[in-house]
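Participant: Quick one: structure below, then a few questions.
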Amino acid sequence: MFKQNGLSLEQAPPIIVVFRLFFMASIFGIISGFEILYYQNSIFNSNSIGALTLTHTLTLGVMLSFMLGALFQMLPVVAGVVLDFPIKRSLSIQIPFLIGVVSLLFAFNLNHKYLYITSSIFLGFSLFIAIFMMLYRLLKIPNHTPSSRGIIIALISLFVTILLAIYLTKTLSGYGDGLLYQEIKNIHIHFGLFGWIGLLIFSIAFQVIEMFYVTPAYPKAIGKYFAYFIFFLLIATVFYPILNNLLYILFISFAILTLYRLSQKKRRLSDATILFWRMGLISSILSMVLLITYSLQPIIEILNIAYISFISFGLSIVFAMLYKIIPFLTWFHLNAQGYFKAPMMHEVIHPKTAKKHFWIHLSTVISLIISIFIPILIFISGILVIVSFGWIAYQIIHAHILYKKIEDSGEKFEFS
Amino acid sequence: MIISNYMKDEHRECDNLFANAEEAVSLGEWEVAEEKFIAFSNETLTHFKREEDELFPAFEEQTGSSQGPTMVMRYEHEQVKGLIGKMASVIEIKDEDAYLSLAESMMILLQQHNMKEEQMLYAMCDRSLPQEMKEATLASMKAVEL
């Protein structure tokens, strides 16, 4: 699926591979809005079917799809890893992944053992292949950067998360004694949230904060050891849960450092992507502070706000990346092929459009937090979630239509 | 790592000059912007010339390959030069939105390119060139003028 030429002329994967994953993620996002409207305030009870369904729609359907798309785009740059025959091959991952996610969501609701088995097979198959293909190439890089190191550890964490998920679905489908169900569930959540989502975001930060915004580099020692230390802590907390707070403090420190770096940026412009980054980082600090508070004062509302903040952390930074990647890829592919009318990035998505989305996203997160205390607001939250993901879905469709239109015009330079 | 260190510093210098020009455009100070943009493009083009005239031939001679990484880097230099030309033309007509839009593309394109050089090509040069050859290449690169 991948080939590594060290440096390749194919600087980016075909646009359709990335757009298809992003579009699927947005559709799952819209579905999550409808789930909020359907399950209402039961989503704040972490053991409810609603919470389970919504969590997996967001983490698997939304975040994982967005992150796989972003990784396909970033790997050629970070690691010189280029997709080989990517259109067909990426579908051979995306379709089983889609079947796996949908069957898992139905399995939670219908509690049907064959649905659990189906989801385990399809998700296991698609994700293990994707993880191994990426890891295989990443591990062959001669000179590792903080980013490539972090992405490797994040992918290993994703592998652990999925492996443990198979134990959980096996138990839920009635096979196996499930004696360790609760313990495994906790480790599954831990590796998924901190090892996969958290570490992947921080690994991307190592690369893009300095690169996109022209900031001073992160201290070398942090770049070298941060990912390993997080991974070590993730394993250590399995045996010594007291170390969880150290993990949270580490996340807080990294988020503060990144906010500080952003304040030192040499590019003075403040576009929506900066706002999304800042919101994401502040959300992660809030989430970690609340998790520490919860460990001292176990009040369920504190935990719920911590979870919403964590989702805000992940989604805000995903949106920050999308508003760079979608316009850049559209321009880049058309420009590289020599089309006269390759649209400029602002013509694909104008910064003002991205800024409007930022306000919708911020309102969504605030309204979700308030609806913990004022239950009726959950309906507004659900609608805002649908609008927010509908907004990004529209941007993807718009970019794709624009791309096809220019491509169909056929007006381009002929390279000799 | 003498090649890597020297070339990385040049990349950072180009980034700073780029940020200065962009700031001037966003403030509507077109004369300053033009001056800063010229500084950015001169620095970038000199850097490319150092690579294409001195570093790449040395690497190609040592490894016996002119169709590998250096070919890709030359191709990417052409992409960047194309964008520099477009940015210069929008500075002429003082179109802020067009400049900032092109600047966004330039930044990502340039950074992706720099990253590949810093993580792969320069490291390969530092590894494969003998010390004497590295020092001689570095000295001749420093002497290159636009």
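The chains in the structure tokens are called A, B, ... from first to last as shown; in each chain the residues are counted from 1, and the ligands are counted from 1 in the order shown.
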Could you tell me which residues of chain B sit within 8 Å of chain A when counting only C-alpha atoms, and give me the result as a list in words?

Facilitator: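 Interface list for chain B against chain A: Asp15, Asn16, Ala19, Asn20, Glu22, Glu23, Ser26, Gly68, Pro69, Val72, Gln79, Asp97, Ala98, Ser101, Leu102, Glu104, Ser105, Met107, Ile108, Gln111, Gln112, Met115, Lys116, Gln119, Met120 and Ala123 of chain B.
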
Participant: Compile the contact shell of stretch 353-357 of chain A as a PyMOL selection string: residues with an atom at most 12 Å away, counting only C-alpha atoms, same-chain residues fewer than 6 positions apart removed.

Facilitator: chain A and resi 270-276+316+319-324+326-327+346-347+363-364+384-385+387-395

Participant: Quick one: of B:Glu96, B:Glu43, B:Glu61, B:Glu54, who's nearest to B:Glu29, counting only C-alpha atoms?

Facilitator: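 Closest to B:Glu29 of all the choices is B:Glu96.
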
Participant: Could you state the separation of atom CA of A:Gly280 and atom CA of A:Leu315 in Å, given to one decimal place?

Facilitator: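 These two atoms are separated by 7.4 Å.
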